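Here the structure is laid out as structure tokens; the discussion comes afterwards.
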Amino acid sequence: MAELSPLLLELRDMSRELGGELRTMALALDADPADTEMLRESPTLSFLRVVGTPKAFRAYDVPAHAEQFTESCLGRVVCNIELARGDVSVLQAVAAPSLAGFTVDALGDAAQQDAFYRDFAKYEPWTFFGMTEARGGSDATAMHTSLDPDGDGGFLLNGAKRYVANADRGLMGVVWARTGTSSLSIRAVLLRRPAPGFSSSSLDMLGMRGARFGEMVFDAVPVPREMLLGAHLPASRRGLWGGNRAFTVVRLQIAAQALGAAFAVRDAVCALRPGWTGHELMSARLDAARELLYDAAVGADLDPDARIPVAVAKVHAAELAVETTRWAESALPPGTFLDHPLLEKWCRDIYAYQFMDGTSNLLRLAIAPSAGAHGEDS
Amino acid sequence: MTKTEIRPAIGLGLERLARAEGLAAGLAEALEGLGAEAAPGSVAALPAAAVPADADVAAHPLAARVGICFVRPAVSGIAPPAELTAFGVRLGAVRLGVTRRLLEHTVAHLSGRTIGGEQAVRKQLIQGTLAEAEVTIAVVRHMLRAEPAVAAAVADAHARLTGLDWELAKLLGASGYLATGPAAEAYVSRLTAHCWIPGSGELTWLS
Ligand SMILES: Cc1cc2nc3c(=O)[nH]c(=O)nc-3n(C[C@H](O)[C@H](O)[C@H](O)COP(=O)(O)OP(=O)(O)OC[C@H]3O[C@@H](n4cnc5c(N)ncnc54)[C@H](O)[C@@H]3O)c2cc1C
């Protein structure tokens with residue numbers, strides 16, 4: 001089992017405290033996710049943005065324990081569990097490099113990374129990561145959005161993306177599109193707003209409303225060649241496959257957030273039923289899931305290509321979180337969720353983790369042993 | 001038409017009504033005059049059309065969208081357990097109708113979608129879930145019919161429906177997470193049951 005270092009323990013405690021501050025904004029954000037003023041004014045969100053930025057591009061130095069967040073997968077997991085325990089939807093509203101940043105880290109050359117993070121530090125924008133399309137998200141290789149030659153060495157981006165976080169308010173991000181017919185021709189480009197032909201709108205979602213999901217439409221959006229990521233990499237690593245390592249880290253964070261939200265629900269039940277011991281089984285399940293996640297994170301730190309344990313952790317965390325809300329329903333008197341709107345909101349928020357970063361079915365297909373293979377004993 | 005549908009049974013009309021017209025229409029019929037005060041907890045789920053303007057309401061935009069309103073009763077008068085269980089059976093029938101709407105929508109959605117060059121509805125993992133859905137629907141319908149006076153059985157039937165609705169919403173992908181559409185209505189169906197059915201799971205709150 002993973003042992004947390006003193007710095008990671010400090011990071012955990014700091015995250016728990018910050019999570020409490022996130023919670024103070026939770027219901028207002030759910031009621032009006034378009035109200036960006038509250039988010040912009042929050043020192044907590046601003047601090048989290050800086051902590052989530054790579055060290056070289058931070059606006060100011062952060063304490064040594066906060067540094068641990070970007071140092072390792074384990075740091076990210078420890079921190080995300082506690083922040084999400086505050087409120088997942090507000091956590092999703094942090095204007096951070098997020099998936100766009102991970103993609104630039106994995107596929108961008110030094111100049112692209114520099115340009116991305118400099119702009120990020122300057123404008124403090126929300127970022128987007130556009131992969132999914134209305135016709136399907138699980139099978140990314142079937143995407144339709146295209147990068148067509150503009151006749152001058154650059155491209156014109158055509159198509160649309162759906163269910164993208166920060167689609168309507170993000171000033172910069174990454175969009176995936178194809179330059180040809182093969183799956184190797186699916187590439188990521190950096191995009192900034194405003195840009196001619198780039199329009200967007202928000203979608204009304206069941207929960208996780210702090211992430212402001214939406215739709216982006218591209219009608220011959222000019223993309224200079226230097227915005228194409230991965231050109232300096234071997235053909236096999238320029239596109240989707242090159243992004244895989246980035247997706248693994250995100251998957252761990254998503255799993256950690258799902259588990260953190262489940263802890264929040266458990267905590268709320270215990271607070272409503274002081275002295276009740278009936279939570280012990282659920283508490284044990286949550287503690288065990290945290291160990292599973294820590295182990296997957298330690299494994300990913302040792303071998304970033306070890307994706308199966310991460311998929312296992314994500315499938316379990318996403319499902320256990322939903323199960324925790326159902327357990328809460330049975331453990332509390334009828335109608336409690338409507339009297340405690342945070343609990344009800346978390347039920348809706350938690351559903352999101354099923355879809356974010358790969359549905360359980362897709363992950364199951366990745367986890368299933370192939371013919372003839374058998375599991376390891378360790 | 002299947003054999004079970006031909007046999008007259010409690011709730012079949014309610015199931016059909018909710019399947020055709022939705023949760024609020026079904027709930028309005030199922031209540032048979034029960035008001036907010038009859039609810040076993042602090043909040044009742046009612047059809048919005050039946051709620052007086054001055055009622056103490058727990059605002060819920062998602063529920064409002066499907067015509068459901070959460071109301072804090074002005075007077076006390078919880079219905080006796082047997083009456084609540086009987087209402088639980090009727091509400092179960094309504095929720096079955098809502099679940100079937102969701103199932104039909106899901107099958108149509110997956111039939112029009114291609115994954116890896118194959119119609120999504122033909123994927124075996126998906127077929128497995130859709131088959132389980134049919135099984136659960138049959139089981140719940142028969143539980144409500146065979147054991148209408150056993151509170152724990154009625155609560156279990158509701159818990160199964162909540163679980164099934166979520167399995168179906170998952171199959172819709174991100175469209176199952178929109179605030180509009182049948183998955184959102186199914187979520188309000190879950191909250192409605194939460195207001196009316198004591199401990200829809202393990203009844204542990206009584207201990
Ligand atoms: C809260 C939320 C946040 C999101 N954030 C972003 C974002 O920021 N950027 C972005 O690009 N996208 C985002 N998405 C979209 C998300 O990535 C997709 O929803 C996901 O990839 C699934 O795609 P889909 O919704 O099109 O479902 P589909 O691909 O149509 O899948 C439908 C169902 O079929 C199942 N399925 C798919 N393939 C198979 C198979 N081979 N065998 C069996 N079953 C299968 C799936 O598990 C699912 O249950 C977000 C979605 C949500 C709900």
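Labels for the structure tokens follow display order: chains A, B, ..., residues from 1 in each chain, ligands from 1.
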
Q: Please identify every residue of chain A that has at least one atom no more than 6 Å from any atom of chain B, counting only C-alpha atoms, and report them as an MDAnalysis selection string.
A: chainID A and resid 204:206 330:335

Writing out the chosen residues with C-alpha atoms as a PDB file, in the first residue's frame:
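Output file result_30.pdb is given in full below:
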ATOM      1  CA  ASP A 204     -27.763  22.586 -20.280  1.00  0.00           C
ATOM      2  CA  MET A 205     -26.509  19.517 -18.442  1.00  0.00           C
ATOM      3  CA  LEU A 206     -27.920  17.476 -15.576  1.00  0.00           C
ATOM      4  CA  SER A 330     -31.525   4.351   1.684  1.00  0.00           C
ATOM      5  CA  ALA A 331     -29.714   5.531   4.796  1.00  0.00           C
ATOM      6  CA  LEU A 332     -31.626   8.785   5.148  1.00  0.00           C
ATOM      7  CA  PRO A 333     -35.296   9.568   5.694  1.00  0.00           C
ATOM      8  CA  PRO A 334     -37.466  10.157   2.615  1.00  0.00           C
ATOM      9  CA  GLY A 335     -37.129  13.590   1.053  1.00  0.00           C
TER      10      GLY A 335
END

Q) Residues at most 8 Å from ligand 1, using only C-alpha atoms and all ligand atoms? Could they come as a ChimeraX atom specification? A) /A:99,128-140,161-167,205,207-208,211,213,351-362,365 /B:110,113-116,120,123-126,169-178

**Q.** Which of chain B DSSP labels strand (DSSP E), written as a PyMOL selection string
**A.** chain B and resi 44-47+56-58+68-72+114-115+118-119

**Q.** Long-range neighbours of segment 58-70 of chain A as a list of chain:residue names, 7 Å cut-off, only C-alpha atoms, 3 positions minimum in chain
**A.** A:Leu7, A:Leu8, A:Glu10, A:Leu11, A:Val50, A:Val51, A:Gly52, A:Thr53, A:Pro54, A:Lys55, A:Gly75, A:Arg76, A:Cys79, A:Ala121

Q. Do you know which residues are at most 8 Å from segment 22-28 of chain B counting only C-alpha atoms, after dropping those on the same chain fewer than 4 positions away, and could you put them as number ranges by chain?
A. B: 14-15, 17-18, 32, 46-48, 50, 66-68, 91, 94-95, 97-98, 185, 189

Q) Of the candidates B:Ala153, B:Gly35, B:Gly181, B:Ala53, which one gets nearest to Ile78 of chain B if we count only C-alpha atoms? A)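 Of all the options, B:Gly35 lies closest to Ile78 of chain B.
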
Can you list, as a PDB file with all heavy atoms, in the first residue's frame, every protein, DNA or RNA residue that comes within 9 Å of Leu144 of chain B when you count only C-alpha atoms, leaving out same-chain residues fewer than 5 positions away?
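Written out: around-v4.pdb:
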ATOM      1  N   ILE B  10     -52.939  -4.605 -11.528  1.00  0.00           N
ATOM      2  CA  ILE B  10     -52.807  -3.296 -10.877  1.00  0.00           C
ATOM      3  C   ILE B  10     -51.731  -2.509 -11.601  1.00  0.00           C
ATOM      4  O   ILE B  10     -50.669  -3.000 -11.877  1.00  0.00           O
ATOM      5  CB  ILE B  10     -52.327  -3.458  -9.412  1.00  0.00           C
ATOM      6  CG1 ILE B  10     -53.188  -4.455  -8.666  1.00  0.00           C
ATOM      7  CG2 ILE B  10     -52.262  -2.101  -8.701  1.00  0.00           C
ATOM      8  CD1 ILE B  10     -52.639  -4.833  -7.305  1.00  0.00           C
ATOM      9  N   GLY B  11     -51.996  -1.300 -11.905  1.00  0.00           N
ATOM     10  CA  GLY B  11     -50.944  -0.414 -12.372  1.00  0.00           C
ATOM     11  C   GLY B  11     -50.670  -0.420 -13.854  1.00  0.00           C
ATOM     12  O   GLY B  11     -49.938   0.421 -14.342  1.00  0.00           O
ATOM     13  N   GLY B  88     -47.001   3.310  -3.181  1.00  0.00           N
ATOM     14  CA  GLY B  88     -45.693   2.903  -3.721  1.00  0.00           C
ATOM     15  C   GLY B  88     -45.848   1.962  -4.909  1.00  0.00           C
ATOM     16  O   GLY B  88     -45.081   2.020  -5.864  1.00  0.00           O
ATOM     17  N   VAL B  89     -46.858   1.096  -4.846  1.00  0.00           N
ATOM     18  CA  VAL B  89     -47.123   0.174  -5.962  1.00  0.00           C
ATOM     19  C   VAL B  89     -47.561   0.984  -7.193  1.00  0.00           C
ATOM     20  O   VAL B  89     -47.073   0.769  -8.305  1.00  0.00           O
ATOM     21  CB  VAL B  89     -48.199  -0.864  -5.582  1.00  0.00           C
ATOM     22  CG1 VAL B  89     -48.625  -1.693  -6.781  1.00  0.00           C
ATOM     23  CG2 VAL B  89     -47.679  -1.759  -4.458  1.00  0.00           C
ATOM     24  N   ARG B  90     -48.448   1.928  -6.989  1.00  0.00           N
ATOM     25  CA  ARG B  90     -48.938   2.735  -8.122  1.00  0.00           C
ATOM     26  C   ARG B  90     -47.803   3.592  -8.699  1.00  0.00           C
ATOM     27  O   ARG B  90     -47.656   3.707  -9.908  1.00  0.00           O
ATOM     28  CB  ARG B  90     -50.119   3.610  -7.676  1.00  0.00           C
ATOM     29  CG  ARG B  90     -51.314   2.810  -7.143  1.00  0.00           C
ATOM     30  CD  ARG B  90     -52.582   3.634  -7.100  1.00  0.00           C
ATOM     31  NE  ARG B  90     -52.534   4.749  -6.169  1.00  0.00           N
ATOM     32  CZ  ARG B  90     -52.778   4.694  -4.854  1.00  0.00           C
ATOM     33  NH1 ARG B  90     -53.094   3.527  -4.289  1.00  0.00           N
ATOM     34  NH2 ARG B  90     -52.736   5.781  -4.099  1.00  0.00           N
ATOM     35  N   GLY B  92     -44.715   2.860  -8.533  1.00  0.00           N
ATOM     36  CA  GLY B  92     -43.818   1.919  -9.222  1.00  0.00           C
ATOM     37  C   GLY B  92     -44.279   1.690 -10.652  1.00  0.00           C
ATOM     38  O   GLY B  92     -43.470   1.640 -11.587  1.00  0.00           O
ATOM     39  N   ALA B  93     -45.582   1.561 -10.829  1.00  0.00           N
ATOM     40  CA  ALA B  93     -46.123   1.367 -12.181  1.00  0.00           C
ATOM     41  C   ALA B  93     -45.823   2.585 -13.053  1.00  0.00           C
ATOM     42  O   ALA B  93     -45.426   2.459 -14.219  1.00  0.00           O
ATOM     43  CB  ALA B  93     -47.626   1.118 -12.108  1.00  0.00           C
ATOM     44  N   VAL B 139     -39.278  -8.292 -13.923  1.00  0.00           N
ATOM     45  CA  VAL B 139     -39.183  -8.635 -12.497  1.00  0.00           C
ATOM     46  C   VAL B 139     -39.907  -7.581 -11.649  1.00  0.00           C
ATOM     47  O   VAL B 139     -40.707  -7.910 -10.771  1.00  0.00           O
ATOM     48  CB  VAL B 139     -37.698  -8.749 -12.068  1.00  0.00           C
ATOM     49  CG1 VAL B 139     -37.564  -8.792 -10.549  1.00  0.00           C
ATOM     50  CG2 VAL B 139     -37.069  -9.986 -12.697  1.00  0.00           C
ATOM     51  N   ALA B 149     -48.360  -5.634  -0.827  1.00  0.00           N
ATOM     52  CA  ALA B 149     -48.516  -5.173   0.564  1.00  0.00           C
ATOM     53  C   ALA B 149     -47.207  -5.246   1.339  1.00  0.00           C
ATOM     54  O   ALA B 149     -47.155  -4.865   2.514  1.00  0.00           O
ATOM     55  CB  ALA B 149     -49.577  -6.017   1.258  1.00  0.00           C
ATOM     56  N   ALA B 153     -40.603  -5.087  -0.366  1.00  0.00           N
ATOM     57  CA  ALA B 153     -40.599  -5.517  -1.774  1.00  0.00           C
ATOM     58  C   ALA B 153     -40.860  -4.321  -2.685  1.00  0.00           C
ATOM     59  O   ALA B 153     -40.243  -4.182  -3.748  1.00  0.00           O
ATOM     60  CB  ALA B 153     -41.664  -6.595  -2.004  1.00  0.00           C
ATOM     61  N   VAL B 154     -41.754  -3.458  -2.246  1.00  0.00           N
ATOM     62  CA  VAL B 154     -42.058  -2.264  -3.050  1.00  0.00           C
ATOM     63  C   VAL B 154     -40.826  -1.352  -3.100  1.00  0.00           C
ATOM     64  O   VAL B 154     -40.446  -0.845  -4.168  1.00  0.00           O
ATOM     65  CB  VAL B 154     -43.283  -1.525  -2.468  1.00  0.00           C
ATOM     66  CG1 VAL B 154     -43.524  -0.206  -3.194  1.00  0.00           C
ATOM     67  CG2 VAL B 154     -44.525  -2.414  -2.558  1.00  0.00           C
ATOM     68  N   ALA B 157     -38.364  -2.820  -5.451  1.00  0.00           N
ATOM     69  CA  ALA B 157     -38.748  -2.603  -6.858  1.00  0.00           C
ATOM     70  C   ALA B 157     -38.325  -1.207  -7.300  1.00  0.00           C
ATOM     71  O   ALA B 157     -37.773  -1.025  -8.398  1.00  0.00           O
ATOM     72  CB  ALA B 157     -40.265  -2.783  -7.026  1.00  0.00           C
TER      73      ALA B 157
END

**Q.** Contacts of Val104 of chain A at 10 Å (only C-alpha atoms; same-chain gap of 4+ positions) as a PyMOL selection string
**A.** chain A and resi 97+99-100+108-110+112-114+116-117+173-174+188-190+229-230+243+246

Residues of the last selection are to be written out with N, CA, C and O atoms, as a PDB file, in the first residue's frame.
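The new file result_35.pdb reads:
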ATOM      1  N   PRO A  97      -4.888  24.734 -16.972  1.00  0.00           N
ATOM      2  CA  PRO A  97      -4.491  24.190 -18.276  1.00  0.00           C
ATOM      3  C   PRO A  97      -5.210  22.864 -18.580  1.00  0.00           C
ATOM      4  O   PRO A  97      -5.474  22.544 -19.741  1.00  0.00           O
ATOM      5  N   LEU A  99      -6.824  19.374 -19.485  1.00  0.00           N
ATOM      6  CA  LEU A  99      -6.506  18.411 -20.551  1.00  0.00           C
ATOM      7  C   LEU A  99      -5.776  19.069 -21.716  1.00  0.00           C
ATOM      8  O   LEU A  99      -4.912  18.456 -22.349  1.00  0.00           O
ATOM      9  N   ALA A 100      -6.116  20.323 -21.992  1.00  0.00           N
ATOM     10  CA  ALA A 100      -5.406  21.018 -23.067  1.00  0.00           C
ATOM     11  C   ALA A 100      -3.921  21.101 -22.713  1.00  0.00           C
ATOM     12  O   ALA A 100      -3.051  20.831 -23.545  1.00  0.00           O
ATOM     13  N   GLY A 108       3.295  18.941 -27.772  1.00  0.00           N
ATOM     14  CA  GLY A 108       3.821  20.220 -28.249  1.00  0.00           C
ATOM     15  C   GLY A 108       5.340  20.239 -28.242  1.00  0.00           C
ATOM     16  O   GLY A 108       5.975  19.589 -27.406  1.00  0.00           O
ATOM     17  N   ASP A 109       5.945  21.009 -29.165  1.00  0.00           N
ATOM     18  CA  ASP A 109       7.401  21.206 -29.079  1.00  0.00           C
ATOM     19  C   ASP A 109       7.652  22.359 -28.102  1.00  0.00           C
ATOM     20  O   ASP A 109       6.709  22.977 -27.585  1.00  0.00           O
ATOM     21  N   ALA A 110       8.925  22.644 -27.850  1.00  0.00           N
ATOM     22  CA  ALA A 110       9.266  23.635 -26.816  1.00  0.00           C
ATOM     23  C   ALA A 110       8.609  24.990 -27.107  1.00  0.00           C
ATOM     24  O   ALA A 110       8.066  25.637 -26.199  1.00  0.00           O
ATOM     25  N   GLN A 112       5.873  25.644 -28.830  1.00  0.00           N
ATOM     26  CA  GLN A 112       4.408  25.572 -28.645  1.00  0.00           C
ATOM     27  C   GLN A 112       4.056  25.572 -27.161  1.00  0.00           C
ATOM     28  O   GLN A 112       3.105  26.233 -26.732  1.00  0.00           O
ATOM     29  N   GLN A 113       4.835  24.827 -26.379  1.00  0.00           N
ATOM     30  CA  GLN A 113       4.565  24.793 -24.935  1.00  0.00           C
ATOM     31  C   GLN A 113       4.755  26.183 -24.332  1.00  0.00           C
ATOM     32  O   GLN A 113       3.946  26.656 -23.529  1.00  0.00           O
ATOM     33  N   ASP A 114       5.840  26.825 -24.760  1.00  0.00           N
ATOM     34  CA  ASP A 114       6.135  28.157 -24.257  1.00  0.00           C
ATOM     35  C   ASP A 114       5.008  29.133 -24.601  1.00  0.00           C
ATOM     36  O   ASP A 114       4.513  29.864 -23.732  1.00  0.00           O
ATOM     37  N   PHE A 116       1.877  28.460 -25.373  1.00  0.00           N
ATOM     38  CA  PHE A 116       0.635  28.093 -24.688  1.00  0.00           C
ATOM     39  C   PHE A 116       0.650  28.593 -23.239  1.00  0.00           C
ATOM     40  O   PHE A 116      -0.277  29.271 -22.779  1.00  0.00           O
ATOM     41  N   TYR A 117       1.709  28.273 -22.533  1.00  0.00           N
ATOM     42  CA  TYR A 117       1.714  28.609 -21.111  1.00  0.00           C
ATOM     43  C   TYR A 117       1.923  30.106 -20.864  1.00  0.00           C
ATOM     44  O   TYR A 117       1.468  30.650 -19.865  1.00  0.00           O
ATOM     45  N   GLY A 173      -7.307  26.463 -26.277  1.00  0.00           N
ATOM     46  CA  GLY A 173      -7.401  25.041 -26.014  1.00  0.00           C
ATOM     47  C   GLY A 173      -6.899  24.224 -27.188  1.00  0.00           C
ATOM     48  O   GLY A 173      -6.190  24.737 -28.060  1.00  0.00           O
ATOM     49  N   VAL A 174      -7.300  22.969 -27.147  1.00  0.00           N
ATOM     50  CA  VAL A 174      -6.844  22.005 -28.145  1.00  0.00           C
ATOM     51  C   VAL A 174      -8.069  21.413 -28.820  1.00  0.00           C
ATOM     52  O   VAL A 174      -9.064  21.127 -28.152  1.00  0.00           O
ATOM     53  N   ALA A 188      -3.903  16.973 -33.179  1.00  0.00           N
ATOM     54  CA  ALA A 188      -4.389  18.032 -32.290  1.00  0.00           C
ATOM     55  C   ALA A 188      -3.822  19.376 -32.736  1.00  0.00           C
ATOM     56  O   ALA A 188      -2.656  19.452 -33.136  1.00  0.00           O
ATOM     57  N   VAL A 189      -4.664  20.415 -32.661  1.00  0.00           N
ATOM     58  CA  VAL A 189      -4.175  21.765 -32.957  1.00  0.00           C
ATOM     59  C   VAL A 189      -4.494  22.688 -31.786  1.00  0.00           C
ATOM     60  O   VAL A 189      -5.470  22.485 -31.060  1.00  0.00           O
ATOM     61  N   LEU A 190      -3.658  23.686 -31.653  1.00  0.00           N
ATOM     62  CA  LEU A 190      -3.931  24.740 -30.664  1.00  0.00           C
ATOM     63  C   LEU A 190      -4.868  25.746 -31.302  1.00  0.00           C
ATOM     64  O   LEU A 190      -4.698  26.082 -32.469  1.00  0.00           O
ATOM     65  N   LEU A 229       0.067  20.345 -33.431  1.00  0.00           N
ATOM     66  CA  LEU A 229       0.927  19.726 -32.416  1.00  0.00           C
ATOM     67  C   LEU A 229       1.518  18.410 -32.936  1.00  0.00           C
ATOM     68  O   LEU A 229       0.893  17.711 -33.734  1.00  0.00           O
ATOM     69  N   GLY A 230       2.698  18.101 -32.452  1.00  0.00           N
ATOM     70  CA  GLY A 230       3.269  16.773 -32.692  1.00  0.00           C
ATOM     71  C   GLY A 230       4.105  16.638 -33.950  1.00  0.00           C
ATOM     72  O   GLY A 230       4.595  15.542 -34.239  1.00  0.00           O
ATOM     73  N   GLY A 243      -1.038  11.024 -27.406  1.00  0.00           N
ATOM     74  CA  GLY A 243      -1.773  11.678 -26.319  1.00  0.00           C
ATOM     75  C   GLY A 243      -2.105  10.731 -25.181  1.00  0.00           C
ATOM     76  O   GLY A 243      -2.535  11.164 -24.107  1.00  0.00           O
ATOM     77  N   ALA A 246      -0.977  11.423 -21.620  1.00  0.00           N
ATOM     78  CA  ALA A 246      -1.688  12.552 -21.014  1.00  0.00           C
ATOM     79  C   ALA A 246      -3.048  12.087 -20.511  1.00  0.00           C
ATOM     80  O   ALA A 246      -3.490  12.454 -19.422  1.00  0.00           O
TER      81      ALA A 246
END

Q. What gap, in Å, lies between atom CA of Phe218 of chain A and atom CA of Asn158 of chain A?
A. 4.9 Å

Q: Could you jot down the atom CA of Leu74 of chain A to atom CA of Tyr294 of chain A separation for me, Å, one decimal place?
A: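 Separation of atom CA of Leu74 of chain A and atom CA of Tyr294 of chain A: 6.2 Å.
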
Q | 8 Å contact set for Ser76 of chain B, only C-alpha atoms, chain neighbours under 3 positions out, as a list in words | A |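 Contacts, in chain order: Glu37, Ala38 and Pro73 of chain B.
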